[in-house]
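The structure under discussion appears below in the form of structure tokens.
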Amino acid sequence: MADPVDLGLWAVPLAILGGAIRVSTPFLFVSLGECLTERSGRINLGLEGTLILGAVSGYAMSYHSGSALVGVLCAALVGGIFGMLHGWLCSFKGVNDIAIGISMMILGMGLAFYFGKAYIQPTAPRLPAIPFGGWSDIPQLRAALQVNVLFLLGGALAVFLAWMLKNTRVGLTIRVVGDSTDAARALAIRPNRVRLWATSAGGALAGIGGAYLSLYYPGSWNEGISSGQGLMAVALVIFARWNPINCFWAALLFGGAGALGPALQSVGITEGYYLFYAAPYVLTLGILIATSSTERAVTGAPGELSITK
Amino acid sequence: MTRIAALSRRRFLQSSAAAVGASVALPAGLRPAHAAGKLTVGFIYVGPKDDFGYNQSHAEGAAALKAIAGVTVVEEENVPESNDVVNTMESMINFDGAGLVFPTSFGYYDPFIKETAPKYGKVRFEHCGGLWQKGDPQNAGSYFGYIGMGQYLNGIVAGHMTKTRKIGFVAAKPIPQVLNNINSFLLGARAVDPAITCQVIFTGEWSLAVKEAEATNALADQGADVITCHVDGPKVVVETAAARGAYVCGYHADQSSLAPEKYLTGAEWNWAKVYTDMVTAQMAGETIPNFVRGGLAEGFIKMSPLGPAVTEAARAQFEATKAEILKGGFAVIKGPLKDNKGNVIATEGQAFPEDDVALESMNYLVDGVLGSTS
């Protein structure tokens, strides 16, 4: 370990940068998954359960196969199956997607805790990081710029999803289904089938987010691994106005805000850390109020999204 | 109307018969709830029982009880420090027939155990970490170990191994036991080099994996090169610190397998001995004292074996201090000592030995600790 440089107050922005890169990835994947699902006109509140299930299945497969990549793929598969189950249950008439989502969340957590018992102790191979800070002499900066492949993949995926939704036939189909079931039927599109795949793909992304938690940062499996990140990410989608690119920025913001509390304590601003820990939530409230309007409804919301369906 | 009258008369007859029976069979009302030679013991954990930490240390103690003939162990994990623990205790007592319960988390005691114990006079409630005081239920008790001594020994090794003269502590909540550990860790290091400081970061919760990792990274960014912690499951802190190239001192249980090169030593609980003693006493019809404490000498705590990186000088001072502590009555908090706000904690010649109850209401961080209790 090279001797660290005394950074003084510069440690705070550096920690926020590092935190944004380290902590944001699960937020990013879950919110992208949820964004895709909601654009097809369905809400999947169960992604917290999918995230945790992805974390444990990824960790378990990485442990058994000896390859973290296999773990990530397995987490995506499990998440996809779980999403598909949600999509299938919701395809029945009169089934409320919110209620199903909540029960899927609790089911996912229960399954994860049950199967996860055996994996709290073992140490599984982790995902590697790419060092982007080699140009710098400051060890703290080099540590902050250890970037995981999944983070880069998430960023690219955000751009891809935005492009796909806007410019491709698949994207158009998803948007039509999301905005009007009747219009979709008139175009000979089967809305339930589209939503099934959109929910499944969303679940797969949430599963990958879970694998990041257990296989990279913080990089171990235990029952408290998520602390509600899956739920927060679902809220992030509304915050990001159903736009994948905005999801990326919102995830970065939340990751960075989460690093604020420890960083401030480390530079000696130690009073009131409970307040600093509430920073991400205060920030959300502030931004929602600032961007709200009394004249128009929430812009960007898919027309078929409803909590009373 | 007649039905209600009939019911209440039957109820009345039942309860008066029970009262007569009880007054005959149990003259002093002190007979234990279990049949002779058999005892069901309930363990309640706030997290998973294989967390490499606090809960695991207790679960290892519970596992040791299974070797005693006639003892049945029932366990429940992930019980929040809320009314949930009352439900768990009552179900262990009413359905499993537990005669002795160990609700192990700090927040279970007040008000949950204090309110539940009087309702079940024949059941013994033993709480880890609380401070039983006169006026608390007689069938409740608190036990704890002087684990701060272990953190003092951690600090001595840390003091030898640090190059930056800055060591770090990831802490959950600013309660007396945690503060005592932080202070002891620093004072151990200062016994080696009085210029050392200790940066503390509170996460606010007993188990928050991401925040613990962030806190560890923030400590490493500030140049802390030996890190320890007081959270429920030290796995994340140990692995993150080692990945950043810092040395680690363990806590609660042995975490050396998580960072074989970087692990220096660790302060561990030895509940197997404590629980075996308590259960044996209760089965022999003795009453467990309401207030039980012990340290290294009494076998309540132990140290992890020293890791491969520990230098000879560190080993020598570690062993010498450990021998001193084993004699009993060792004082880490002794004068002249100020807290980190400049208030006098102990004047010249004043000392608080390990068994001083005043240490259990500690509400300060000593001079040299960078951090604040609120």
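Residue numbering restarts at 1 for every chain of the structure tokens, chains are lettered A, B, ... in their displayed order, and ligands are numbered from 1 as they appear.
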
Pick out the chain B residues within 7 Å of chain A. Count only C-alpha atoms. Give them as a list of chain:residue names.
B:Asp50, B:Asp51, B:Gln199, B:Ile201, B:Gly204, B:Ser207, B:Leu208, B:Ala209, B:Val210, B:Ala213, B:Glu214, B:Ala215, B:Ala218, B:Leu219, B:Asp221, B:Gln222, B:Gly223, B:Val236, B:Gly245, B:Leu370, B:Gly371, B:Ser372, B:Ser374

Exercise. If you run DSSP on the backbone, which residues of segment 99-301 of chain A are strand (DSSP E or B), as JSON, numbers by chain?
Worked result: {"A": [129, 130, 131, 146, 147, 148]}

Inset, instruction - Write out as JSON, numbers by chain each polymer residue whose atoms come within 9 Å of Tyr247 of chain B, counting only C-alpha atoms; drop sequence neighbours fewer than 2 positions from it. - result: {"B": [158, 161, 162, 225, 226, 227, 228, 238, 241, 242, 245, 249, 259, 261, 262, 263, 264, 309]}

Same residues, N, CA and C atoms, output as a PDB file, in the first residue's frame:
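As a result, selection-v9.pdb now contains:
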ATOM      1  N   ALA B 158      -1.944  -3.193  17.065  1.00  0.00           N
ATOM      2  CA  ALA B 158      -2.160  -2.150  16.054  1.00  0.00           C
ATOM      3  C   ALA B 158      -1.125  -1.039  16.200  1.00  0.00           C
ATOM      4  N   MET B 161       1.989  -2.012  14.573  1.00  0.00           N
ATOM      5  CA  MET B 161       1.950  -2.292  13.141  1.00  0.00           C
ATOM      6  C   MET B 161       1.644  -1.056  12.288  1.00  0.00           C
ATOM      7  N   THR B 162       1.065  -0.007  12.889  1.00  0.00           N
ATOM      8  CA  THR B 162       0.682   1.143  12.071  1.00  0.00           C
ATOM      9  C   THR B 162       1.919   1.931  11.654  1.00  0.00           C
ATOM     10  N   ASP B 225      -4.313   2.594   8.730  1.00  0.00           N
ATOM     11  CA  ASP B 225      -3.739   1.378   8.163  1.00  0.00           C
ATOM     12  C   ASP B 225      -3.897   0.157   9.062  1.00  0.00           C
ATOM     13  N   VAL B 226      -4.564   0.323  10.216  1.00  0.00           N
ATOM     14  CA  VAL B 226      -5.021  -0.830  10.989  1.00  0.00           C
ATOM     15  C   VAL B 226      -6.475  -0.536  11.363  1.00  0.00           C
ATOM     16  N   ILE B 227      -7.366  -1.449  11.031  1.00  0.00           N
ATOM     17  CA  ILE B 227      -8.799  -1.178  11.204  1.00  0.00           C
ATOM     18  C   ILE B 227      -9.436  -2.302  12.004  1.00  0.00           C
ATOM     19  N   THR B 228     -10.303  -1.912  12.941  1.00  0.00           N
ATOM     20  CA  THR B 228     -11.116  -2.911  13.625  1.00  0.00           C
ATOM     21  C   THR B 228     -12.547  -2.394  13.658  1.00  0.00           C
ATOM     22  N   VAL B 238     -13.704  -6.628   7.572  1.00  0.00           N
ATOM     23  CA  VAL B 238     -12.429  -7.344   7.486  1.00  0.00           C
ATOM     24  C   VAL B 238     -12.007  -7.489   6.025  1.00  0.00           C
ATOM     25  N   ALA B 241     -11.256  -3.941   4.358  1.00  0.00           N
ATOM     26  CA  ALA B 241     -10.011  -3.349   4.850  1.00  0.00           C
ATOM     27  C   ALA B 241      -8.818  -4.075   4.248  1.00  0.00           C
ATOM     28  N   ALA B 242      -8.867  -5.398   4.232  1.00  0.00           N
ATOM     29  CA  ALA B 242      -7.747  -6.173   3.688  1.00  0.00           C
ATOM     30  C   ALA B 242      -7.566  -5.871   2.201  1.00  0.00           C
ATOM     31  N   GLY B 245      -5.580  -2.959   1.628  1.00  0.00           N
ATOM     32  CA  GLY B 245      -4.199  -3.074   2.068  1.00  0.00           C
ATOM     33  C   GLY B 245      -3.970  -2.744   3.532  1.00  0.00           C
ATOM     34  N   CYS B 249      -7.874  -5.999  12.868  1.00  0.00           N
ATOM     35  CA  CYS B 249      -8.047  -6.700  14.137  1.00  0.00           C
ATOM     36  C   CYS B 249      -9.491  -7.166  14.212  1.00  0.00           C
ATOM     37  N   ALA B 259      -9.010 -12.994   5.987  1.00  0.00           N
ATOM     38  CA  ALA B 259      -7.881 -12.166   5.548  1.00  0.00           C
ATOM     39  C   ALA B 259      -6.615 -12.714   6.192  1.00  0.00           C
ATOM     40  N   GLU B 261      -3.488 -12.952   5.586  1.00  0.00           N
ATOM     41  CA  GLU B 261      -2.234 -12.195   5.630  1.00  0.00           C
ATOM     42  C   GLU B 261      -2.360 -10.948   6.492  1.00  0.00           C
ATOM     43  N   LYS B 262      -3.540 -10.331   6.474  1.00  0.00           N
ATOM     44  CA  LYS B 262      -3.712  -9.018   7.090  1.00  0.00           C
ATOM     45  C   LYS B 262      -4.272  -9.080   8.502  1.00  0.00           C
ATOM     46  N   TYR B 263      -4.782 -10.235   8.900  1.00  0.00           N
ATOM     47  CA  TYR B 263      -5.407 -10.356  10.215  1.00  0.00           C
ATOM     48  C   TYR B 263      -4.324 -10.395  11.290  1.00  0.00           C
ATOM     49  N   LEU B 264      -4.387  -9.476  12.251  1.00  0.00           N
ATOM     50  CA  LEU B 264      -3.346  -9.413  13.287  1.00  0.00           C
ATOM     51  C   LEU B 264      -3.712 -10.267  14.499  1.00  0.00           C
ATOM     52  N   ALA B 309       1.788 -11.542  10.180  1.00  0.00           N
ATOM     53  CA  ALA B 309       2.447 -10.251   9.969  1.00  0.00           C
ATOM     54  C   ALA B 309       2.943  -9.623  11.269  1.00  0.00           C
TER      55      ALA B 309
END

- Task: Would you please work out which residue, of A:Ile16, A:Leu305, A:Ile21, A:Leu288, is nearest to Asp179 of chain A when using only C-alpha atoms?
- Result: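 Answer, going by the shortest atom-to-atom distance: A:Leu305.
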
(request) Might you pull out every residue within 9 Å of Ala211 of chain A, with only C-alpha atoms counted and same-chain residues fewer than 4 positions away left off, and present them as an NGL selection string? (result) :A and (26 or 51-59 or 68 or 71-76 or 206-207 or 215-216 or 219)

How about saving the chosen residues, C-alpha atoms kept, as a PDB file, in the first residue's frame?
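Done, and the output landed in again34.pdb:
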ATOM      1  CA  PRO A  26     -27.424  -2.214  -7.902  1.00  0.00           C
ATOM      2  CA  LEU A  51     -32.344  -8.436  -5.977  1.00  0.00           C
ATOM      3  CA  ILE A  52     -31.765 -10.501  -2.849  1.00  0.00           C
ATOM      4  CA  LEU A  53     -32.497 -13.735  -4.680  1.00  0.00           C
ATOM      5  CA  GLY A  54     -30.015 -12.684  -7.360  1.00  0.00           C
ATOM      6  CA  ALA A  55     -27.441 -11.917  -4.667  1.00  0.00           C
ATOM      7  CA  VAL A  56     -27.680 -15.345  -3.087  1.00  0.00           C
ATOM      8  CA  SER A  57     -27.932 -17.349  -6.316  1.00  0.00           C
ATOM      9  CA  GLY A  58     -25.014 -15.455  -7.832  1.00  0.00           C
ATOM     10  CA  TYR A  59     -22.902 -16.014  -4.741  1.00  0.00           C
ATOM     11  CA  ALA A  68     -17.935 -15.122 -10.728  1.00  0.00           C
ATOM     12  CA  GLY A  71     -22.581 -16.494 -10.811  1.00  0.00           C
ATOM     13  CA  VAL A  72     -23.738 -13.333 -12.587  1.00  0.00           C
ATOM     14  CA  LEU A  73     -25.358 -15.335 -15.386  1.00  0.00           C
ATOM     15  CA  CYS A  74     -27.107 -17.546 -12.864  1.00  0.00           C
ATOM     16  CA  ALA A  75     -28.384 -14.491 -10.983  1.00  0.00           C
ATOM     17  CA  ALA A  76     -29.757 -13.088 -14.240  1.00  0.00           C
ATOM     18  CA  ALA A 206     -32.476  -6.883 -10.979  1.00  0.00           C
ATOM     19  CA  GLY A 207     -30.858 -10.293 -10.516  1.00  0.00           C
ATOM     20  CA  LEU A 215     -19.913 -10.656  -5.741  1.00  0.00           C
ATOM     21  CA  TYR A 216     -18.326  -7.225  -5.772  1.00  0.00           C
ATOM     22  CA  GLY A 219     -18.900  -8.577  -1.755  1.00  0.00           C
TER      23      GLY A 219
END

- [ ] Just list the residues in segment 53-300 of chain A DSSP gives alpha helix (DSSP H) on the backbone, as an NGL selection string.
- [x] :A and (53-65 or 68-90 or 97-116 or 139-144 or 149-167 or 169-179 or 181-186 or 191-215 or 229-239 or 244-266 or 273-277 or 279-290)

Expressed in Å, the length from atom CA of Asn78 of chain B to atom CA of Val178 of chain B is 21.2 Å

A straight line from atom CA of Ala112 of chain A to atom CA of Ala60 of chain A spans 10.7 Å

Note to self: Env of Thr284 of chain A: 10 Å cut, atoms = only C-alpha atoms, seq-sep filter 2 positions within chain, self excluded. Answer as an MDAnalysis selection string.
What the structure shows: chainID A and resid 235:236 239 250 253:254 279:282 286:290

Using only C-alpha atoms, which protein or nucleic acid residues come within 10 Å of Gly250 of chain B? Drop anything in the same chain fewer than 6 positions from it, and give the result as a short mmCIF file (atom, residue, chain, number, x, y, z; two decimals) with N, CA and C atoms, in the first residue's frame.
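Writing done, so here's part_7.cif:
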data_model
loop_
_atom_site.label_atom_id
_atom_site.label_comp_id
_atom_site.auth_asym_id
_atom_site.auth_seq_id
_atom_site.Cartn_x
_atom_site.Cartn_y
_atom_site.Cartn_z
N PHE B 52 -20.24 -14.69 11.27
CA PHE B 52 -18.84 -14.41 11.56
C PHE B 52 -18.70 -13.40 12.69
N GLY B 53 -19.74 -13.22 13.48
CA GLY B 53 -19.67 -12.15 14.46
C GLY B 53 -20.43 -12.44 15.73
N GLY B 150 -9.89 -7.03 25.40
CA GLY B 150 -9.47 -7.63 24.13
C GLY B 150 -9.16 -6.55 23.10
N GLN B 151 -9.98 -5.49 23.10
CA GLN B 151 -9.71 -4.40 22.15
C GLN B 151 -8.45 -3.65 22.56
N ASN B 154 -5.82 -5.72 21.10
CA ASN B 154 -5.84 -5.42 19.66
C ASN B 154 -5.07 -4.14 19.39
N ILE B 227 -7.37 -1.45 11.03
CA ILE B 227 -8.80 -1.18 11.20
C ILE B 227 -9.44 -2.30 12.00
N THR B 228 -10.30 -1.91 12.94
CA THR B 228 -11.12 -2.91 13.62
C THR B 228 -12.55 -2.39 13.66
N CYS B 229 -13.43 -3.12 14.31
CA CYS B 229 -14.83 -2.70 14.25
C CYS B 229 -15.61 -3.23 15.44
N HIS B 230 -16.79 -2.66 15.62
CA HIS B 230 -17.78 -3.24 16.51
C HIS B 230 -19.12 -3.14 15.80
N PRO B 234 -18.52 -8.74 11.37
CA PRO B 234 -17.34 -8.01 10.89
C PRO B 234 -16.83 -8.46 9.52
N LYS B 235 -17.50 -9.40 8.87
CA LYS B 235 -16.97 -9.97 7.63
C LYS B 235 -16.68 -8.89 6.58
N VAL B 237 -16.25 -5.62 6.92
CA VAL B 237 -15.17 -4.71 7.32
C VAL B 237 -13.82 -5.39 7.12
N VAL B 238 -13.70 -6.63 7.57
CA VAL B 238 -12.43 -7.34 7.49
C VAL B 238 -12.01 -7.49 6.03
N SER B 256 -9.88 -14.75 11.05
CA SER B 256 -8.58 -14.83 10.38
C SER B 256 -8.69 -15.48 9.00
N TYR B 263 -4.78 -10.24 8.90
CA TYR B 263 -5.41 -10.36 10.22
C TYR B 263 -4.32 -10.40 11.29
N LEU B 264 -4.39 -9.48 12.25
CA LEU B 264 -3.35 -9.41 13.29
C LEU B 264 -3.71 -10.27 14.50
N THR B 265 -4.85 -9.92 15.12
CA THR B 265 -5.40 -10.73 16.20
C THR B 265 -6.85 -10.28 16.35
N GLY B 266 -7.55 -10.79 17.36
CA GLY B 266 -8.94 -10.38 17.50
C GLY B 266 -9.45 -10.65 18.90
N ALA B 267 -10.44 -9.85 19.31
CA ALA B 267 -11.08 -10.02 20.61
C ALA B 267 -12.31 -10.89 20.43
N GLU B 268 -12.29 -12.08 21.00
CA GLU B 268 -13.38 -13.03 20.78
C GLU B 268 -14.13 -13.34 22.07
N MET B 303 -8.41 -14.34 22.93
CA MET B 303 -7.83 -13.62 21.79
C MET B 303 -7.59 -14.60 20.64
N SER B 304 -7.79 -14.11 19.39
CA SER B 304 -7.43 -14.93 18.23
C SER B 304 -5.91 -15.12 18.23
#

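Comparing the minimum interatomic distances between Ala158 of chain A and each of A:Leu45, A:Leu205, A:Ala257, A:Leu107, counting only C-alpha atoms, we find that A:Leu205 sits nearest.
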
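Proximity to Pro125 of chain A was assessed for A:Ser62, A:Thr173, A:Asn192, A:Asn167 counting only C-alpha atoms; the smallest distance is recorded for A:Ser62.
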
Need to verify the contact set: Phe82 of chain A, 10 Å, only C-alpha atoms, exclusion of same-chain residues closer than 2 positions in sequence. Can you return it as JSON, numbers by chain? {"A": [46, 47, 49, 50, 53, 54, 76, 77, 78, 79, 80, 84, 85, 86, 87, 88, 104, 108, 199, 200, 201, 202, 203, 204, 207]}
